[in-house]
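I have placed the structure first, in the form of structure tokens, so that the comments after it can refer back to it.
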Amino acid sequence: MVTKSEEEQLNRLEAQVDNAGGGAWEYLCLVRKLKVRRPDKVLKHGLAILNDSKKRSALGTEEWTLCEQVAVAAMDCQSLDVAKDCIKVLRKRFPDSKRVGRLEGMLLEAKGLWAEAEKAYSSFLEDNPFDQVIHKRRVALAKAQGNITTAIECLNKYLDTFMADHDAWRELAEIYVSLQMYKQAAFCYEELILSQPTNPLHHLAYADVLYTIGGLENLQAAKKYYASTINLTGGKNRRALFGVCLCTSAIGQLSKGRNKEDKDSPELQSLAVAALEKDYKQRAPGKLPLLTSALKSLRVSS
């Protein structure tokens, strides 16, 4: 996950390159390092370097890294002729490279040649069943064709081997949520919280899923995870603050005062309401009456 300081650094470099034309290579290196997607910028600035013989020769062996980066960006931008030219150069330089083979498979995807791409990926996996990139390409291929069932199967198979891949768990969880398979999504978020317990986004997503499933036990757990999100973000996550209020209201309606633990713990909801009111006063004072009305409708007040 890109930090705020890294994002600011990237934006500064991007503005510098766009306005002054200098620092393009540094910008492209940072995009690779942070693993962010800026295909239009990468294509523009990468081609400017590759098409300048002096700048290109100054890269040394990094020329091939840039060719690969531009090829991927070109496919994202549907500039398939550019991608094809870059891959052709790489294939000539590295005739037996599996990495170039992956790019060729991606180009087949970009052209919509699904069967050919699947055949190429299956061949790669026969040679190396532990190629993570190819496994992920198969997931992307299935999703591109709208075959969500196959995408789920591929992700589950992948996670049987690569259980520490947080991005894969998150992607699987998001697919399950889109299909309203909330119990399966909850399992994915539990795995993420176990492996990254200080990431507030996992706590928040898990709380949302538990709240959606509903029922007294799930609502009580959702409230706890909204609270942990608030704690991990220093009280600045409005979605979690609203979540506490929603859970408090729903728990009250379901338990009708019978739940002693929640009845005797009004402090959290009061703090959430106070934090929301303070935030609205600072950021959107004109909408404060709407907030107050909404919280009253939930029978939640400070």
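Convention: chains lettered A, B, ... in structure tokens order; per-chain residue numbering from 1; ligands numbered from 1 as shown.
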Next on the checklist: If you run DSSP on the backbone here, which positions in range 48-79 of chain A get helix (DSSP H, G or I)? Please write them as a VMD selection string.
Outcome noted: chain A and resid 48 to 50 53 to 58 62 to 76
Next on the checklist: For Glu217 in chain A, find every residue with an atom within 12 Å (counting only C-alpha atoms), except residues of its own chain fewer than 2 positions away, and show them as a ChimeraX atom specification.
Outcome noted: /A:210-211,213-215,219-224,247,250-251,254-255,259,262
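The gap separating CA of Gln69 in chain A from CA of Val42 in chain A is 7.6 Å, in Å to one decimal.
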Item to check | Nearest-residue call for Phe124 in chain A, choices A:Ser97, A:Asn231, A:Gln196, A:Glu26, using only C-alpha atoms | outcome: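 Of A:Ser97, A:Asn231, A:Gln196, A:Glu26, the one nearest Phe124 in chain A is A:Ser97, counting only C-alpha atoms.
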Checklist outcome for this item: Among A:Ala115, A:Leu288, A:Leu241, A:Leu194, Val273 in chain A is approached most closely, using only C-alpha atoms, by A:Leu241
Item to check | CA of Phe187 in chain A to CA of Gln269 in chain A, distance in Å rounded to a single decimal | outcome: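 Those two atoms sit 27.1 Å apart.
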Next on the checklist: Would you pick out the contacts of His135 in chain A at 12 Å or less, using only C-alpha atoms, so that residues sharing its chain but fewer than 4 positions from it are not included, and give the list as an NGL selection string?
Outcome noted: :A and (102 or 118 or 120-126 or 128-131 or 139-142 or 151-162 or 168)
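Between CA of Glu277 in chain A and CA of Leu290 in chain A there is a distance of 10.6 Å.
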Checklist entry - Using only C-alpha atoms, which residues sit within 9 Å of range 27-37 of chain A once same-chain residues fewer than 5 positions away are excluded, as number ranges by chain? => result A: 1-2, 6-7, 9-10, 13-14, 17, 42, 45-46, 66, 69, 73
